[in-house]
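A.B. asks: Provided herewith: coords.cif, mmCIF, C-alpha atoms.
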data_final
#
loop_
_atom_site.group_PDB
_atom_site.id
_atom_site.type_symbol
_atom_site.label_atom_id
_atom_site.label_comp_id
_atom_site.auth_asym_id
_atom_site.auth_seq_id
_atom_site.Cartn_x
_atom_site.Cartn_y
_atom_site.Cartn_z
ATOM 1 C CA MET A 23 0.000 0.000 0.000
ATOM 2 C CA PRO A 24 1.665 3.303 -1.054
ATOM 3 C CA THR A 25 2.154 5.392 2.031
ATOM 4 C CA PHE A 26 3.251 8.930 2.732
ATOM 5 C CA VAL A 27 4.604 9.968 6.132
ATOM 6 C CA ILE A 28 5.326 13.498 7.294
ATOM 7 C CA GLY A 29 5.908 14.957 10.725
ATOM 8 C CA VAL A 30 3.287 17.096 12.399
ATOM 9 C CA GLU A 31 4.917 20.480 13.084
ATOM 10 C CA ASN A 32 3.369 22.832 15.637
ATOM 11 C CA ASN A 33 0.236 20.675 15.518
ATOM 12 C CA THR A 34 -0.121 21.605 11.839
ATOM 13 C CA ILE A 35 0.209 19.394 8.768
ATOM 14 C CA HIS A 36 1.499 20.907 5.548
ATOM 15 C CA ILE A 37 2.202 18.711 2.516
ATOM 16 C CA GLN A 38 3.011 19.343 -1.123
ATOM 17 C CA VAL A 39 0.304 18.463 -3.622
ATOM 18 C CA GLU A 40 0.058 18.610 -7.376
ATOM 19 C CA ILE A 41 -3.006 20.220 -8.896
ATOM 20 C CA ALA A 42 -4.188 20.056 -12.478
ATOM 21 C CA LEU A 43 -7.254 20.506 -14.572
ATOM 22 C CA ALA A 44 -8.741 17.142 -15.410
ATOM 23 C CA GLU A 45 -7.550 17.391 -19.001
ATOM 24 C CA ALA A 46 -4.312 19.312 -18.499
ATOM 25 C CA GLN A 47 -0.667 18.444 -17.996
ATOM 26 C CA PRO A 48 1.664 19.182 -16.382
ATOM 27 C CA SER A 49 0.525 19.579 -12.841
ATOM 28 C CA HIS A 50 1.559 22.459 -10.617
ATOM 29 C CA ARG A 51 2.865 21.988 -7.092
ATOM 30 C CA PHE A 52 1.500 23.893 -4.133
ATOM 31 C CA VAL A 53 1.710 23.695 -0.371
ATOM 32 C CA ALA A 54 -1.467 22.287 1.141
ATOM 33 C CA LYS A 55 -2.731 22.419 4.687
ATOM 34 C CA VAL A 56 -4.520 19.325 5.962
ATOM 35 C CA ASP A 57 -7.630 20.520 7.765
ATOM 36 C CA THR A 58 -10.041 17.957 9.164
ATOM 37 C CA GLY A 59 -12.239 20.835 10.352
ATOM 38 C CA ALA A 60 -13.060 21.916 6.799
ATOM 39 C CA ASN A 61 -15.777 19.968 5.029
ATOM 40 C CA VAL A 62 -14.579 20.841 1.517
ATOM 41 C CA THR A 63 -11.299 21.346 -0.310
ATOM 42 C CA ALA A 64 -10.467 24.891 -1.342
ATOM 43 C CA VAL A 65 -7.747 26.694 -3.271
ATOM 44 C CA THR A 66 -6.536 30.257 -3.436
ATOM 45 C CA ASN A 67 -6.992 32.588 -6.381
ATOM 46 C CA ARG A 68 -3.260 32.098 -7.036
ATOM 47 C CA VAL A 69 -3.940 28.424 -7.853
ATOM 48 C CA VAL A 70 -6.822 29.351 -10.135
ATOM 49 C CA GLN A 71 -4.646 31.835 -11.980
ATOM 50 C CA THR A 72 -1.737 29.402 -12.260
ATOM 51 C CA LEU A 73 -4.080 26.908 -13.910
ATOM 52 C CA GLY A 74 -5.064 29.530 -16.472
ATOM 53 C CA SER A 75 -8.291 30.718 -14.844
ATOM 54 C CA PRO A 76 -10.425 27.781 -16.023
ATOM 55 C CA ASP A 77 -14.166 28.027 -16.368
ATOM 56 C CA PRO A 78 -15.990 27.517 -13.069
ATOM 57 C CA VAL A 79 -18.601 24.773 -12.925
ATOM 58 C CA SER A 80 -20.692 26.189 -10.112
ATOM 59 C CA ARG A 81 -21.017 28.849 -7.456
ATOM 60 C CA GLY A 82 -20.757 27.958 -3.799
ATOM 61 C CA GLN A 83 -21.424 29.797 -0.574
ATOM 62 C CA TYR A 84 -19.203 30.152 2.470
ATOM 63 C CA GLY A 85 -20.642 30.599 5.904
ATOM 64 C CA THR A 86 -18.905 33.259 7.984
ATOM 65 C CA ALA A 87 -18.532 34.030 11.647
ATOM 66 C CA GLY A 88 -21.347 36.553 11.197
ATOM 67 C CA PRO A 89 -24.657 36.472 9.348
ATOM 68 C CA GLN A 90 -23.086 37.165 5.964
ATOM 69 C CA ILE A 91 -22.758 34.633 3.156
ATOM 70 C CA VAL A 92 -19.780 34.879 0.804
ATOM 71 C CA GLU A 93 -20.068 33.443 -2.697
ATOM 72 C CA ALA A 94 -17.198 31.701 -4.460
ATOM 73 C CA ASN A 95 -16.453 29.985 -7.737
ATOM 74 C CA VAL A 96 -16.247 26.200 -7.822
ATOM 75 C CA TYR A 97 -13.851 24.372 -10.155
ATOM 76 C CA GLY A 98 -13.323 20.771 -11.206
ATOM 77 C CA LEU A 99 -9.707 19.818 -10.482
ATOM 78 C CA HIS A 100 -7.482 16.845 -9.850
ATOM 79 C CA VAL A 101 -5.438 16.881 -6.668
ATOM 80 C CA ALA A 102 -2.490 14.500 -6.405
ATOM 81 C CA VAL A 103 -0.811 13.563 -3.144
ATOM 82 C CA PRO A 104 2.772 12.401 -2.570
ATOM 83 C CA VAL A 105 3.628 8.784 -1.874
ATOM 84 C CA SER A 106 7.000 7.120 -1.472
ATOM 85 C CA ALA A 107 7.950 4.915 -4.413
ATOM 86 C CA LYS A 108 10.041 1.753 -4.036
ATOM 87 C CA SER A 109 13.012 3.666 -5.401
ATOM 88 C CA GLY A 110 12.770 5.971 -2.416
ATOM 89 C CA GLU A 111 11.749 9.010 -4.399
ATOM 90 C CA THR A 112 8.462 10.766 -3.912
ATOM 91 C CA ILE A 113 5.870 10.403 -6.616
ATOM 92 C CA PHE A 114 2.445 11.975 -6.816
ATOM 93 C CA VAL A 115 -0.679 9.881 -7.182
ATOM 94 C CA GLN A 116 -3.691 11.521 -8.710
ATOM 95 C CA GLY A 117 -7.128 10.765 -7.444
ATOM 96 C CA GLY A 118 -10.383 11.285 -9.271
ATOM 97 C CA ALA A 119 -11.834 14.673 -10.063
ATOM 98 C CA LEU A 120 -12.823 16.850 -7.149
ATOM 99 C CA THR A 121 -14.969 19.954 -6.992
ATOM 100 C CA VAL A 122 -12.851 22.617 -5.335
ATOM 101 C CA PHE A 123 -13.954 25.969 -3.945
ATOM 102 C CA GLU A 124 -11.990 29.175 -4.404
ATOM 103 C CA LEU A 125 -10.969 30.702 -1.087
ATOM 104 C CA PRO A 126 -12.147 34.275 -0.585
ATOM 105 C CA HIS A 127 -8.841 35.154 1.065
ATOM 106 C CA GLN A 128 -5.121 34.435 0.665
ATOM 107 C CA PRO A 129 -3.883 32.503 3.694
ATOM 108 C CA THR A 130 -0.248 32.669 4.743
ATOM 109 C CA GLY A 131 1.940 29.668 4.035
ATOM 110 C CA TYR A 132 -0.281 27.562 1.808
ATOM 111 C CA ASP A 133 -2.532 27.703 -1.233
ATOM 112 C CA VAL A 134 -4.625 24.570 -0.829
ATOM 113 C CA LEU A 135 -6.873 23.557 2.034
ATOM 114 C CA LEU A 136 -7.424 19.795 2.005
ATOM 115 C CA GLY A 137 -10.849 19.227 3.531
ATOM 116 C CA MET A 138 -12.807 16.158 4.478
ATOM 117 C CA ASP A 139 -14.220 15.601 0.964
ATOM 118 C CA PHE A 140 -10.655 14.804 -0.127
ATOM 119 C CA LEU A 141 -9.266 13.243 3.049
ATOM 120 C CA LYS A 142 -12.057 10.675 3.296
ATOM 121 C CA ARG A 143 -10.640 8.978 0.188
ATOM 122 C CA PHE A 144 -7.540 7.854 2.109
ATOM 123 C CA HIS A 145 -6.513 5.732 5.053
ATOM 124 C CA ILE A 146 -5.117 8.282 7.469
ATOM 125 C CA THR A 147 -3.369 7.732 10.766
ATOM 126 C CA MET A 148 -1.846 10.287 13.103
ATOM 127 C CA TRP A 149 0.508 8.655 15.545
ATOM 128 C CA GLY A 150 3.866 9.334 17.151
ATOM 129 C CA GLY A 151 3.981 12.880 15.869
ATOM 130 C CA ASN A 152 3.489 11.781 12.264
ATOM 131 C CA PHE A 153 0.742 12.127 9.681
ATOM 132 C CA ILE A 154 0.506 8.865 7.729
ATOM 133 C CA MET A 155 -1.596 8.690 4.568
ATOM 134 C CA SER A 156 -2.188 5.565 2.467
ATOM 135 C CA ASN A 157 -4.479 4.725 -0.404
ATOM 136 C CA MET B 12 -9.179 23.141 -22.558
ATOM 137 C CA GLY B 13 -10.425 21.920 -25.866
ATOM 138 C CA HIS B 14 -14.127 22.522 -25.418
ATOM 139 C CA MET B 15 -13.881 25.868 -23.683
ATOM 140 C CA ASN B 16 -16.859 28.117 -24.194
ATOM 141 C CA ASP B 17 -16.439 31.891 -24.241
ATOM 142 C CA ASP B 18 -19.805 32.347 -22.533
ATOM 143 C CA THR B 19 -19.338 29.995 -19.598
ATOM 144 C CA THR B 20 -20.321 32.351 -16.835
ATOM 145 C CA SER B 21 -23.766 32.562 -18.361
ATOM 146 C CA GLN B 22 -23.990 28.756 -18.507
ATOM 147 C CA VAL B 23 -23.325 28.579 -14.750
ATOM 148 C CA GLU B 24 -25.566 31.516 -13.972
ATOM 149 C CA SER B 25 -28.408 30.721 -16.360
ATOM 150 C CA ASN B 26 -28.542 27.104 -15.243
ATOM 151 C CA HIS B 27 -28.591 28.249 -11.619
ATOM 152 C CA THR B 28 -31.462 30.638 -12.285
ATOM 153 C CA ILE B 29 -33.453 27.870 -13.960
ATOM 154 C CA TYR B 30 -32.556 25.426 -11.176
ATOM 155 C CA ILE B 31 -33.945 27.768 -8.529
ATOM 156 C CA ALA B 32 -37.145 28.470 -10.483
ATOM 157 C CA LYS B 33 -37.903 25.056 -11.895
ATOM 158 C CA TYR B 34 -36.048 22.230 -10.162
ATOM 159 C CA LYS B 35 -34.966 23.232 -6.644
ATOM 160 C CA GLU B 36 -38.086 22.201 -4.728
ATOM 161 C CA ALA B 37 -38.359 18.719 -6.243
ATOM 162 C CA ALA B 38 -34.602 18.196 -6.199
ATOM 163 C CA GLU B 39 -34.378 18.995 -2.502
ATOM 164 C CA ARG B 40 -37.318 16.702 -1.804
ATOM 165 C CA ASP B 41 -35.795 13.715 -3.584
ATOM 166 C CA HIS B 42 -32.043 14.320 -3.987
ATOM 167 C CA THR B 43 -30.721 16.367 -1.075
ATOM 168 C CA GLY B 44 -27.039 15.671 -0.593
ATOM 169 C CA GLU B 45 -26.525 14.739 -4.226
ATOM 170 C CA VAL B 46 -25.069 16.818 -7.047
ATOM 171 C CA ALA B 47 -27.090 17.742 -10.132
ATOM 172 C CA LEU B 48 -25.398 18.002 -13.511
ATOM 173 C CA MET B 49 -27.041 20.657 -15.696
ATOM 174 C CA HIS B 50 -26.660 21.398 -19.383
ATOM 175 C CA ASN B 51 -28.551 24.097 -21.280
ATOM 176 C CA GLY B 52 -31.060 24.597 -18.486
ATOM 177 C CA LYS B 53 -31.898 20.931 -17.951
ATOM 178 C CA ILE B 54 -30.868 18.498 -15.234
ATOM 179 C CA ILE B 55 -29.034 15.671 -16.933
ATOM 180 C CA GLY B 56 -28.592 13.516 -13.857
ATOM 181 C CA TYR B 57 -27.795 13.301 -10.168
ATOM 182 C CA PHE B 58 -24.451 12.103 -8.816
ATOM 183 C CA PRO B 59 -23.194 11.249 -5.342
ATOM 184 C CA GLU B 60 -20.143 13.553 -5.495
ATOM 185 C CA GLY B 61 -19.249 16.777 -7.275
ATOM 186 C CA GLY B 62 -16.262 15.116 -8.919
ATOM 187 C CA ASP B 63 -18.514 12.490 -10.503
ATOM 188 C CA ALA B 64 -20.810 15.148 -11.953
ATOM 189 C CA TYR B 65 -17.801 17.127 -13.176
ATOM 190 C CA GLU B 66 -16.272 14.140 -14.974
ATOM 191 C CA HIS B 67 -19.553 13.314 -16.709
ATOM 192 C CA GLY B 68 -20.142 16.938 -17.652
ATOM 193 C CA TYR B 69 -16.645 17.407 -18.983
ATOM 194 C CA LYS B 70 -16.727 14.187 -20.993
ATOM 195 C CA ASP B 71 -20.173 14.734 -22.495
ATOM 196 C CA TYR B 72 -20.293 18.529 -22.987
ATOM 197 C CA GLY B 73 -16.848 20.031 -22.462
ATOM 198 C CA LEU B 74 -15.688 22.536 -19.906
ATOM 199 C CA GLY B 75 -17.858 25.625 -19.966
ATOM 200 C CA ASN B 76 -20.892 23.883 -21.407
ATOM 201 C CA PHE B 77 -22.322 22.498 -18.181
ATOM 202 C CA SER B 78 -22.728 23.384 -14.532
ATOM 203 C CA ILE B 79 -23.411 21.569 -11.309
ATOM 204 C CA GLU B 80 -25.713 22.245 -8.372
ATOM 205 C CA PHE B 81 -25.126 20.985 -4.840
ATOM 206 C CA VAL B 82 -28.671 19.984 -3.939
ATOM 207 C CA GLY B 83 -29.800 21.302 -0.564
ATOM 208 C CA ALA B 84 -26.262 22.250 0.405
ATOM 209 C CA GLU B 85 -25.717 24.430 3.431
ATOM 210 C CA PRO B 86 -23.065 27.188 3.242
ATOM 211 C CA ILE B 87 -19.591 25.681 3.381
ATOM 212 C CA ASP B 88 -18.016 25.269 6.802
ATOM 213 C CA LEU B 89 -14.259 25.880 6.738
ATOM 214 C CA GLY B 90 -13.822 25.297 10.442
ATOM 215 C CA PHE B 91 -11.470 27.796 12.059
ATOM 216 C CA GLN B 92 -10.752 29.228 8.588
ATOM 217 C CA THR B 93 -14.225 30.710 8.728
ATOM 218 C CA LEU B 94 -12.801 33.402 10.982
ATOM 219 C CA ALA B 95 -10.609 34.599 8.110
ATOM 220 C CA ILE B 96 -13.626 35.337 5.917
ATOM 221 C CA LEU B 97 -14.871 38.898 6.216
#
Could you rewrite the structure in this file as structure tokens?

C.D. replies:
Amino acid sequence: MPTFVIGVENNTIHIQVEIALAEAQPSHRFVAKVDTGANVTAVTNRVVQTLGSPDPVSRGQYGTAGPQIVEANVYGLHVAVPVSAKSGETIFVQGGALTVFELPHQPTGYDVLLGMDFLKRFHITMWGGNFIMSN
Amino acid sequence: MGHMNDDTTSQVESNHTIYIAKYKEAAERDHTGEVALMHNGKIIGYFPEGGDAYEHGYKDYGLGNFSIEFVGAEPIDLGFQTLAIL
């Protein structure tokens, strides 16, 4: 079973991912934050622009801390995660298409928020200070 | 992006307008939690995940020529990230 292991730093998990349009190559690498508290996967406007500002497929709505609702574009993308190959190098394995929401803000330190819609596709263990992901 | 349509925003927006007026009530009665694939103002089918609807829409109509609706979806919860919005 291909497995990826990375240390949890400051109780935060950041990994590199590759993102591409379903029909496009090559992929582009971005830093992603693993966030089990988010129910969807989201990307920054920088990711959207890097991919050539593809056509959105829907509009979504973000809840806020207040009564406001913030609308956002939704895109169909492929997100690939790193796994360790037998050779020892890291390769990226692409999953199926995912609908991804554009973040209404630019967070510091990452461009992709990996939410539960993506994480539920994997076998994930957190143990001994490590984040361990297998497919 | 071989099938790209220059008028895609209107496909998303016009389908959404028609969805609200014509399909929303019945869709939420029978398909809440599913994802509707729409093309030219009609619901083509319902899928369990957005990615499934996207792949069918892309394959059958090309990017920009379809849209999807998250049936009965509540506003997205980004957990603590919510505090960064607004």

A.B. asks: Counting only C-alpha atoms, collect the residues of chain A whose closest atom lies at most 7 Å from chain B, and write them out as an MDAnalysis selection string.

C.D. replies: chainID A and resid 45 59:61 77 79:80 83:87 98 119:121 126:127

A.B. asks: Need the neighbours of (-5.2, 16.7, 8.5): which residues are at most 9 Å away, counting only C-alpha atoms, as a PyMOL selection string?

C.D. replies: chain A and resi 34-36+55-59+136-138+141+146+148+153

A.B. asks: For Ala37 of chain B, work out the shell of residues within 12 Å, counting all atoms listed in the file and skipping chain neighbours fewer than 4 positions away, then give it as a ChimeraX atom specification.

C.D. replies: /B:30-33,41-43,47,54,82-83

A.B. asks: Produce a file of the selected residues containing C-alpha atoms, as a PDB file, in the coordinates of the input.

C.D. replies:
ATOM      1  CA  TYR B  30     -32.556  25.426 -11.176  1.00  0.00           C
ATOM      2  CA  ILE B  31     -33.945  27.768  -8.529  1.00  0.00           C
ATOM      3  CA  ALA B  32     -37.145  28.470 -10.483  1.00  0.00           C
ATOM      4  CA  LYS B  33     -37.903  25.056 -11.895  1.00  0.00           C
ATOM      5  CA  ASP B  41     -35.795  13.715  -3.584  1.00  0.00           C
ATOM      6  CA  HIS B  42     -32.043  14.320  -3.987  1.00  0.00           C
ATOM      7  CA  THR B  43     -30.721  16.367  -1.075  1.00  0.00           C
ATOM      8  CA  ALA B  47     -27.090  17.742 -10.132  1.00  0.00           C
ATOM      9  CA  ILE B  54     -30.868  18.498 -15.234  1.00  0.00           C
ATOM     10  CA  VAL B  82     -28.671  19.984  -3.939  1.00  0.00           C
ATOM     11  CA  GLY B  83     -29.800  21.302  -0.564  1.00  0.00           C
TER      12      GLY B  83
END

A.B. asks: Report, in Å with one decimal, the straight-line distance from atom CA of Phe123 of chain A to atom CA of His67 of chain B.

C.D. replies: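 Computing the Euclidean distance for atom CA of Phe123 of chain A and atom CA of His67 of chain B yields 18.8 Å.
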
A.B. asks: Which residue out of A:Val69, A:Ala64, A:Leu99, A:Val30 has the minimum interatomic distance to Gly82 of chain A when all atoms listed in the file are used?

C.D. replies: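 Selected residue with least distance to Gly82 of chain A: A:Ala64.
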